[in-house]
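Next comes structure-v2.txt, a file with compact mmCIF, N, CA and C atoms.
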# COMPACT_ATOMS: atom_id res chain seq x y z
N LYS A 1 87.70 165.62 138.85
CA LYS A 1 87.36 164.24 139.13
C LYS A 1 86.88 164.16 140.58
N TYR A 2 85.85 163.40 140.80
CA TYR A 2 85.26 163.25 142.12
C TYR A 2 85.31 161.78 142.51
N ARG A 3 85.82 161.49 143.69
CA ARG A 3 85.85 160.12 144.19
C ARG A 3 84.81 160.00 145.28
N VAL A 4 83.94 159.02 145.18
CA VAL A 4 82.90 158.81 146.17
C VAL A 4 83.54 158.31 147.45
N VAL A 5 83.20 158.93 148.55
CA VAL A 5 83.79 158.61 149.85
C VAL A 5 83.58 157.13 150.19
N ASN A 6 84.62 156.51 150.73
CA ASN A 6 84.61 155.12 151.19
C ASN A 6 84.37 154.10 150.07
N THR A 7 84.64 154.48 148.84
CA THR A 7 84.55 153.53 147.73
C THR A 7 85.69 153.84 146.76
N ASN A 8 85.83 153.01 145.77
CA ASN A 8 86.77 153.29 144.69
C ASN A 8 86.07 153.87 143.47
N LYS A 9 84.83 154.23 143.62
CA LYS A 9 84.06 154.75 142.49
C LYS A 9 84.48 156.18 142.18
N GLN A 10 84.67 156.45 140.90
CA GLN A 10 85.06 157.79 140.46
C GLN A 10 84.13 158.28 139.37
N VAL A 11 83.91 159.57 139.38
CA VAL A 11 83.09 160.23 138.37
C VAL A 11 83.80 161.51 137.97
N TRP A 12 83.82 161.80 136.68
CA TRP A 12 84.38 163.06 136.20
C TRP A 12 83.25 164.07 136.06
N PHE A 13 83.44 165.26 136.63
CA PHE A 13 82.49 166.37 136.48
C PHE A 13 83.18 167.46 135.67
N VAL A 14 82.53 167.88 134.60
CA VAL A 14 83.06 168.94 133.75
C VAL A 14 82.00 170.03 133.66
N THR A 15 82.37 171.26 134.02
CA THR A 15 81.45 172.39 133.87
C THR A 15 82.01 173.33 132.82
N THR A 16 81.11 174.00 132.11
CA THR A 16 81.55 174.84 131.01
C THR A 16 80.58 176.00 130.79
N HIS A 17 81.05 176.97 130.06
CA HIS A 17 80.21 178.09 129.60
C HIS A 17 80.71 178.45 128.21
N PHE A 18 79.95 178.01 127.20
CA PHE A 18 80.37 178.23 125.82
C PHE A 18 80.00 179.64 125.35
N SER A 19 80.59 180.03 124.24
CA SER A 19 80.40 181.36 123.66
C SER A 19 78.93 181.62 123.32
N TYR A 20 78.56 182.89 123.37
CA TYR A 20 77.21 183.30 122.95
C TYR A 20 77.05 183.17 121.43
N ASP A 21 78.15 183.22 120.70
CA ASP A 21 78.15 182.99 119.26
C ASP A 21 77.97 181.49 119.05
N THR A 22 76.83 181.07 118.52
CA THR A 22 76.49 179.65 118.48
C THR A 22 77.46 178.83 117.62
N GLN A 23 78.00 179.42 116.57
CA GLN A 23 78.97 178.68 115.75
C GLN A 23 80.26 178.41 116.54
N VAL A 24 80.67 179.39 117.33
CA VAL A 24 81.84 179.21 118.19
C VAL A 24 81.51 178.18 119.27
N ALA A 25 80.29 178.24 119.80
CA ALA A 25 79.87 177.28 120.84
C ALA A 25 79.92 175.85 120.32
N VAL A 26 79.49 175.63 119.09
CA VAL A 26 79.55 174.28 118.50
C VAL A 26 81.00 173.82 118.42
N LYS A 27 81.89 174.71 117.99
CA LYS A 27 83.32 174.38 117.91
C LYS A 27 83.86 174.04 119.30
N GLN A 28 83.51 174.85 120.30
CA GLN A 28 83.97 174.59 121.66
C GLN A 28 83.45 173.26 122.17
N PHE A 29 82.20 172.95 121.85
CA PHE A 29 81.60 171.69 122.28
C PHE A 29 82.36 170.51 121.68
N ARG A 30 82.62 170.57 120.38
CA ARG A 30 83.37 169.50 119.71
C ARG A 30 84.76 169.31 120.34
N GLU A 31 85.43 170.43 120.64
CA GLU A 31 86.75 170.36 121.25
C GLU A 31 86.68 169.73 122.64
N LEU A 32 85.65 170.07 123.41
CA LEU A 32 85.49 169.48 124.74
C LEU A 32 85.27 167.98 124.63
N MET A 33 84.38 167.56 123.74
CA MET A 33 84.11 166.13 123.57
C MET A 33 85.37 165.38 123.15
N GLU A 34 86.16 165.98 122.30
CA GLU A 34 87.42 165.35 121.89
C GLU A 34 88.38 165.24 123.07
N PHE A 35 88.43 166.26 123.90
CA PHE A 35 89.32 166.29 125.05
C PHE A 35 88.97 165.21 126.08
N ILE A 36 87.67 164.97 126.29
CA ILE A 36 87.25 164.03 127.34
C ILE A 36 86.89 162.65 126.81
N LYS A 37 87.08 162.40 125.54
CA LYS A 37 86.61 161.14 124.95
C LYS A 37 87.20 159.90 125.60
N ASP A 38 88.40 160.00 126.13
CA ASP A 38 89.06 158.83 126.70
C ASP A 38 88.95 158.73 128.21
N TYR A 39 88.16 159.61 128.83
CA TYR A 39 87.96 159.50 130.28
C TYR A 39 87.41 158.11 130.57
N ALA A 40 88.01 157.43 131.52
CA ALA A 40 87.68 156.03 131.79
C ALA A 40 86.52 155.85 132.77
N PHE A 41 86.02 156.94 133.32
CA PHE A 41 84.98 156.85 134.34
C PHE A 41 83.69 157.50 133.84
N PRO A 42 82.58 157.22 134.52
CA PRO A 42 81.35 157.95 134.18
C PRO A 42 81.62 159.45 134.22
N THR A 43 80.99 160.18 133.30
CA THR A 43 81.28 161.60 133.15
C THR A 43 79.98 162.41 133.08
N ILE A 44 79.99 163.53 133.80
CA ILE A 44 78.89 164.50 133.76
C ILE A 44 79.47 165.77 133.13
N VAL A 45 78.81 166.29 132.09
CA VAL A 45 79.17 167.57 131.50
C VAL A 45 77.97 168.47 131.67
N CYS A 46 78.19 169.62 132.30
CA CYS A 46 77.06 170.51 132.53
C CYS A 46 77.49 171.96 132.35
N GLY A 47 76.51 172.80 132.06
CA GLY A 47 76.80 174.22 131.95
C GLY A 47 75.93 174.92 130.93
N ASP A 48 76.33 176.15 130.65
CA ASP A 48 75.63 177.01 129.71
C ASP A 48 76.23 176.77 128.33
N PHE A 49 75.49 176.07 127.48
CA PHE A 49 75.98 175.79 126.13
C PHE A 49 75.63 176.92 125.16
N ASN A 50 74.69 177.78 125.53
CA ASN A 50 74.23 178.88 124.67
C ASN A 50 73.70 178.39 123.32
N ILE A 51 73.13 177.20 123.31
CA ILE A 51 72.54 176.62 122.10
C ILE A 51 71.16 176.09 122.46
N ASP A 52 70.13 176.62 121.81
CA ASP A 52 68.75 176.25 122.12
C ASP A 52 68.35 174.97 121.41
N VAL A 53 67.48 174.23 122.04
CA VAL A 53 66.92 172.99 121.48
C VAL A 53 66.21 173.31 120.17
N GLY A 54 66.40 172.44 119.19
CA GLY A 54 65.68 172.56 117.93
C GLY A 54 66.42 173.36 116.86
N THR A 55 67.50 174.03 117.22
CA THR A 55 68.26 174.80 116.24
C THR A 55 69.22 173.88 115.48
N ASP A 56 69.74 174.38 114.37
CA ASP A 56 70.72 173.61 113.61
C ASP A 56 71.95 173.30 114.46
N GLU A 57 72.36 174.27 115.28
CA GLU A 57 73.52 174.06 116.14
C GLU A 57 73.24 172.98 117.18
N TYR A 58 72.02 172.96 117.70
CA TYR A 58 71.63 171.93 118.66
C TYR A 58 71.74 170.54 118.02
N ILE A 59 71.23 170.42 116.82
CA ILE A 59 71.30 169.13 116.12
C ILE A 59 72.75 168.69 115.96
N GLN A 60 73.64 169.63 115.67
CA GLN A 60 75.07 169.31 115.52
C GLN A 60 75.66 168.80 116.83
N ILE A 61 75.42 169.51 117.95
CA ILE A 61 76.03 169.07 119.21
C ILE A 61 75.37 167.80 119.73
N GLN A 62 74.07 167.64 119.46
CA GLN A 62 73.38 166.43 119.88
C GLN A 62 74.00 165.21 119.20
N GLN A 63 74.29 165.31 117.92
CA GLN A 63 74.94 164.21 117.20
C GLN A 63 76.31 163.90 117.80
N VAL A 64 77.05 164.95 118.17
CA VAL A 64 78.38 164.76 118.75
C VAL A 64 78.26 164.08 120.10
N TRP A 65 77.36 164.57 120.97
CA TRP A 65 77.29 163.95 122.30
C TRP A 65 76.80 162.52 122.22
N GLN A 66 75.91 162.23 121.28
CA GLN A 66 75.46 160.85 121.13
C GLN A 66 76.59 159.96 120.61
N GLN A 67 77.41 160.47 119.71
CA GLN A 67 78.56 159.71 119.20
C GLN A 67 79.54 159.38 120.32
N HIS A 68 79.60 160.22 121.33
CA HIS A 68 80.51 160.02 122.45
C HIS A 68 79.83 159.32 123.64
N GLY A 69 78.61 158.84 123.43
CA GLY A 69 77.93 158.05 124.45
C GLY A 69 77.23 158.84 125.53
N PHE A 70 77.01 160.14 125.34
CA PHE A 70 76.32 160.96 126.33
C PHE A 70 74.83 161.00 126.05
N LYS A 71 74.06 161.26 127.11
CA LYS A 71 72.64 161.54 126.94
C LYS A 71 72.29 162.75 127.79
N ASP A 72 71.28 163.47 127.37
CA ASP A 72 70.82 164.67 128.06
C ASP A 72 69.90 164.24 129.19
N ILE A 73 70.25 164.56 130.43
CA ILE A 73 69.41 164.17 131.56
C ILE A 73 68.71 165.37 132.18
N GLY A 74 68.80 166.51 131.54
CA GLY A 74 68.20 167.73 132.08
C GLY A 74 66.68 167.65 132.12
N PRO A 75 66.04 168.68 132.66
CA PRO A 75 64.59 168.67 132.84
C PRO A 75 63.83 168.71 131.53
N PHE A 76 64.46 169.10 130.46
CA PHE A 76 63.88 169.01 129.13
C PHE A 76 64.85 168.23 128.29
N THR A 77 64.41 167.10 127.78
CA THR A 77 65.31 166.24 127.02
C THR A 77 64.81 166.07 125.60
N ASP A 78 65.54 165.33 124.82
CA ASP A 78 65.20 165.12 123.41
C ASP A 78 63.81 164.51 123.24
N ASN A 79 63.34 163.80 124.25
CA ASN A 79 62.08 163.08 124.12
C ASN A 79 60.86 163.87 124.58
N ASP A 80 61.07 165.01 125.22
CA ASP A 80 59.95 165.81 125.69
C ASP A 80 59.32 166.56 124.52
N ASN A 81 58.01 166.68 124.54
CA ASN A 81 57.31 167.35 123.45
C ASN A 81 57.08 168.83 123.70
N ASP A 82 56.92 169.22 124.95
CA ASP A 82 56.55 170.59 125.26
C ASP A 82 57.76 171.40 125.70
N LYS A 83 58.44 171.99 124.73
CA LYS A 83 59.63 172.77 125.04
C LYS A 83 59.29 173.93 125.98
N LYS A 84 58.08 174.42 125.91
CA LYS A 84 57.69 175.56 126.74
C LYS A 84 57.57 175.19 128.21
N SER A 85 57.60 173.92 128.51
CA SER A 85 57.43 173.50 129.90
C SER A 85 58.66 173.84 130.74
N ILE A 86 59.79 174.06 130.12
CA ILE A 86 60.96 174.46 130.89
C ILE A 86 61.68 175.58 130.18
N SER A 87 62.12 176.49 130.95
CA SER A 87 63.00 177.53 130.44
C SER A 87 64.08 177.71 131.47
N THR A 88 65.30 177.77 131.03
CA THR A 88 66.38 178.04 131.97
C THR A 88 66.77 179.51 131.90
N ASN A 89 65.92 180.31 131.28
CA ASN A 89 66.17 181.74 131.16
C ASN A 89 64.98 182.49 131.73
N PRO A 90 65.16 183.21 132.84
CA PRO A 90 64.04 183.87 133.49
C PRO A 90 63.56 185.12 132.77
N ARG A 91 64.28 185.58 131.77
CA ARG A 91 63.91 186.83 131.13
C ARG A 91 62.61 186.72 130.34
N ASP A 92 62.37 185.61 129.71
CA ASP A 92 61.12 185.48 128.98
C ASP A 92 61.06 184.19 128.20
N ARG A 93 62.05 183.95 127.41
CA ARG A 93 61.95 183.02 126.31
C ARG A 93 61.84 181.58 126.77
N ASN A 94 61.13 180.83 125.99
CA ASN A 94 61.00 179.40 126.26
C ASN A 94 62.16 178.68 125.60
N ILE A 95 63.30 178.83 126.21
CA ILE A 95 64.51 178.25 125.63
C ILE A 95 65.20 177.36 126.64
N LYS A 96 66.04 176.51 126.12
CA LYS A 96 66.91 175.70 126.97
C LYS A 96 68.31 175.86 126.42
N ILE A 97 69.18 176.48 127.20
CA ILE A 97 70.57 176.62 126.79
C ILE A 97 71.51 176.06 127.85
N ASP A 98 70.96 175.61 128.96
CA ASP A 98 71.75 175.02 130.04
C ASP A 98 71.48 173.52 130.07
N TYR A 99 72.53 172.73 130.17
CA TYR A 99 72.41 171.29 129.99
C TYR A 99 73.13 170.52 131.08
N ILE A 100 72.66 169.29 131.29
CA ILE A 100 73.38 168.29 132.07
C ILE A 100 73.43 167.04 131.21
N LEU A 101 74.63 166.67 130.78
CA LEU A 101 74.83 165.47 129.97
C LEU A 101 75.54 164.42 130.81
N MET A 102 75.23 163.17 130.55
CA MET A 102 75.80 162.08 131.34
C MET A 102 76.24 160.95 130.42
N ARG A 103 77.40 160.37 130.74
CA ARG A 103 77.88 159.16 130.05
C ARG A 103 78.26 158.15 131.12
N GLN A 104 77.74 156.95 131.03
CA GLN A 104 77.97 155.92 132.06
C GLN A 104 79.42 155.44 132.06
N LYS A 105 79.88 154.81 131.02
CA LYS A 105 81.25 154.33 130.81
C LYS A 105 81.84 153.55 131.98
N SER A 106 81.10 152.68 132.55
CA SER A 106 81.63 151.79 133.59
C SER A 106 80.78 150.53 133.61
N ASP A 107 81.45 149.39 133.66
CA ASP A 107 80.73 148.12 133.77
C ASP A 107 80.45 147.76 135.23
N GLN A 108 81.13 148.44 136.15
CA GLN A 108 81.03 148.08 137.56
C GLN A 108 80.00 148.88 138.33
N TYR A 109 79.68 150.09 137.87
CA TYR A 109 78.66 150.90 138.53
C TYR A 109 78.09 151.90 137.53
N THR A 110 76.91 152.40 137.83
CA THR A 110 76.24 153.34 136.96
C THR A 110 75.76 154.55 137.76
N ILE A 111 75.48 155.61 137.03
CA ILE A 111 74.92 156.82 137.63
C ILE A 111 73.40 156.73 137.51
N GLN A 112 72.73 156.88 138.63
CA GLN A 112 71.27 156.91 138.66
C GLN A 112 70.83 158.34 138.91
N VAL A 113 69.91 158.84 138.11
CA VAL A 113 69.39 160.20 138.29
C VAL A 113 68.23 160.13 139.26
N ASN A 114 68.40 160.74 140.44
CA ASN A 114 67.33 160.74 141.44
C ASN A 114 66.41 161.94 141.30
N ASP A 115 66.96 163.10 140.91
CA ASP A 115 66.14 164.30 140.83
C ASP A 115 66.84 165.35 139.98
N ILE A 116 66.08 166.08 139.18
CA ILE A 116 66.56 167.23 138.44
C ILE A 116 65.61 168.37 138.77
N GLU A 117 66.16 169.54 139.06
CA GLU A 117 65.32 170.65 139.47
C GLU A 117 65.85 171.95 138.86
N ILE A 118 64.92 172.83 138.47
CA ILE A 118 65.28 174.18 138.07
C ILE A 118 65.11 175.06 139.30
N ILE A 119 66.18 175.74 139.71
CA ILE A 119 66.15 176.61 140.88
C ILE A 119 66.02 178.04 140.39
N LYS A 120 65.06 178.76 140.95
CA LYS A 120 64.78 180.13 140.51
C LYS A 120 65.08 181.12 141.63
N PRO A 121 66.37 181.44 141.81
CA PRO A 121 66.74 182.35 142.90
C PRO A 121 66.44 183.80 142.55
N TYR A 122 66.14 184.59 143.55
CA TYR A 122 65.91 186.01 143.38
C TYR A 122 67.09 186.81 143.91
N ASN A 123 67.35 187.93 143.27
CA ASN A 123 68.37 188.86 143.73
C ASN A 123 68.16 190.16 142.99
N LYS A 124 68.99 191.15 143.22
CA LYS A 124 68.82 192.45 142.60
C LYS A 124 69.61 192.61 141.30
N ALA A 125 70.25 191.56 140.85
CA ALA A 125 71.11 191.68 139.68
C ALA A 125 70.34 191.84 138.37
N HIS A 126 69.22 191.16 138.19
CA HIS A 126 68.45 191.19 136.95
C HIS A 126 66.97 191.30 137.27
N LYS A 127 66.24 192.03 136.44
CA LYS A 127 64.81 192.20 136.69
C LYS A 127 64.01 191.64 135.52
N ASN A 128 62.89 191.02 135.86
CA ASN A 128 61.98 190.47 134.87
C ASN A 128 60.60 190.36 135.50
N ASP A 129 59.60 190.88 134.82
CA ASP A 129 58.22 190.80 135.31
C ASP A 129 58.08 191.25 136.76
N GLY A 130 58.81 192.30 137.13
CA GLY A 130 58.71 192.83 138.47
C GLY A 130 59.48 192.05 139.51
N LYS A 131 60.11 190.95 139.09
CA LYS A 131 60.90 190.14 140.01
C LYS A 131 62.38 190.41 139.75
N GLU A 132 63.17 190.26 140.77
CA GLU A 132 64.60 190.46 140.63
C GLU A 132 65.30 189.10 140.71
N TRP A 133 66.10 188.81 139.69
CA TRP A 133 66.73 187.51 139.57
C TRP A 133 68.22 187.60 139.88
N PHE A 134 68.76 186.56 140.45
CA PHE A 134 70.18 186.48 140.78
C PHE A 134 71.05 186.47 139.53
N SER A 135 70.54 185.87 138.47
CA SER A 135 71.30 185.69 137.24
C SER A 135 70.35 185.80 136.06
N ASP A 136 70.91 185.85 134.86
CA ASP A 136 70.05 185.80 133.68
C ASP A 136 69.72 184.36 133.30
N HIS A 137 70.11 183.41 134.14
CA HIS A 137 69.74 182.00 133.97
C HIS A 137 69.21 181.48 135.29
N TRP A 138 68.28 180.56 135.21
CA TRP A 138 67.94 179.80 136.40
C TRP A 138 68.94 178.66 136.51
N ALA A 139 69.16 178.22 137.71
CA ALA A 139 70.15 177.16 137.94
C ALA A 139 69.51 175.78 137.77
N LEU A 140 70.32 174.84 137.33
CA LEU A 140 69.90 173.44 137.28
C LEU A 140 70.58 172.70 138.41
N SER A 141 69.83 171.86 139.09
CA SER A 141 70.37 171.05 140.17
C SER A 141 70.05 169.60 139.88
N ALA A 142 71.03 168.73 140.09
CA ALA A 142 70.81 167.30 139.86
C ALA A 142 71.27 166.53 141.10
N VAL A 143 70.46 165.58 141.50
CA VAL A 143 70.84 164.64 142.55
C VAL A 143 71.11 163.31 141.86
N LEU A 144 72.36 162.86 141.94
CA LEU A 144 72.78 161.65 141.25
C LEU A 144 73.28 160.65 142.28
N ARG A 145 73.16 159.38 141.93
CA ARG A 145 73.59 158.32 142.85
C ARG A 145 74.36 157.28 142.06
N LEU A 146 75.48 156.84 142.61
CA LEU A 146 76.24 155.75 141.99
C LEU A 146 75.71 154.43 142.53
N VAL A 147 75.31 153.55 141.64
CA VAL A 147 74.79 152.25 142.06
C VAL A 147 75.54 151.14 141.36
The structure given in the file should be rewritten as structure tokens.
Amino acid sequence: KYRVVNTNKQVWFVTTHFSYDTQVAVKQFRELMEFIKDYAFPTIVCGDFNIDVGTDEYIQIQQVWQQHGFKDIGPFTDNDNDKKSISTNPRDRNIKIDYILMRQKSDQYTIQVNDIEIIKPYNKAHKNDGKEWFSDHWALSAVLRLV
């Protein structure tokens, strides 16, 4: 839980890394949503879900997050047409398995999304196309504001 300095505003931040087995990941996602369903403050859930957009598993978790009042605020959302425009995996594939979900859940203040960015750090840990990547995922960064 994060409390905004000099205010009484609170936001819950939840980070996760679900199983590479997509069926297990769906189960983990459902369990997480059940665990946080009664959080009384705006909530951000982010991390590696290991579930690509457009798959059967994606449709399952999308229905669950919508039932719990969340929306996908990442750089590729349900409304974007060109899935190839973002990849959170530097190895090759035009996939999205990393997410930032948001639920407002407050009548007194809301979360405003100011910026979402894919960060592509280099390091010697992973190689792709002659480049060395810090991780097998690119990082997602979000600038959010409580208003």
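The space between atom CA of Gln60 of chain A and atom C of Gly74 of chain A spans 18.7 Å.
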Long-range neighbours of Asn50 of chain A as an MDAnalysis selection string, 5 Å cut-off, all atoms listed in the file, 2 positions minimum in chain: chainID A and resid 48 52 97
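Residue nearest Tyr39 of chain A, chosen from A:Trp12, A:Phe18, A:Trp65, A:Tyr109 and counting only C-alpha atoms: A:Trp12.
Minimum atom-to-atom distances from A:Thr110, A:Tyr99, A:Leu140, A:Gln28 to Val45 of chain A were compared using only N, CA and C atoms, and the lowest value belongs to A:Tyr99.
Minimum distance to Ala25 of chain A across A:Ser106, A:Val143, A:Asn114, A:Glu57 (counting all atoms listed in the file) occurs at A:Glu57.
Take atom C of Val24 of chain A and atom CA of Ile51 of chain A: the distance between them is 9.5 Å.
Going from atom CA of Gln10 of chain A to atom CA of Ile36 of chain A covers 14.7 Å.
The residue that comes closest to Thr16 of chain A, out of A:His68, A:Pro42, A:Phe49, A:Leu32 and on the basis of all atoms listed in the file, is A:Phe49.
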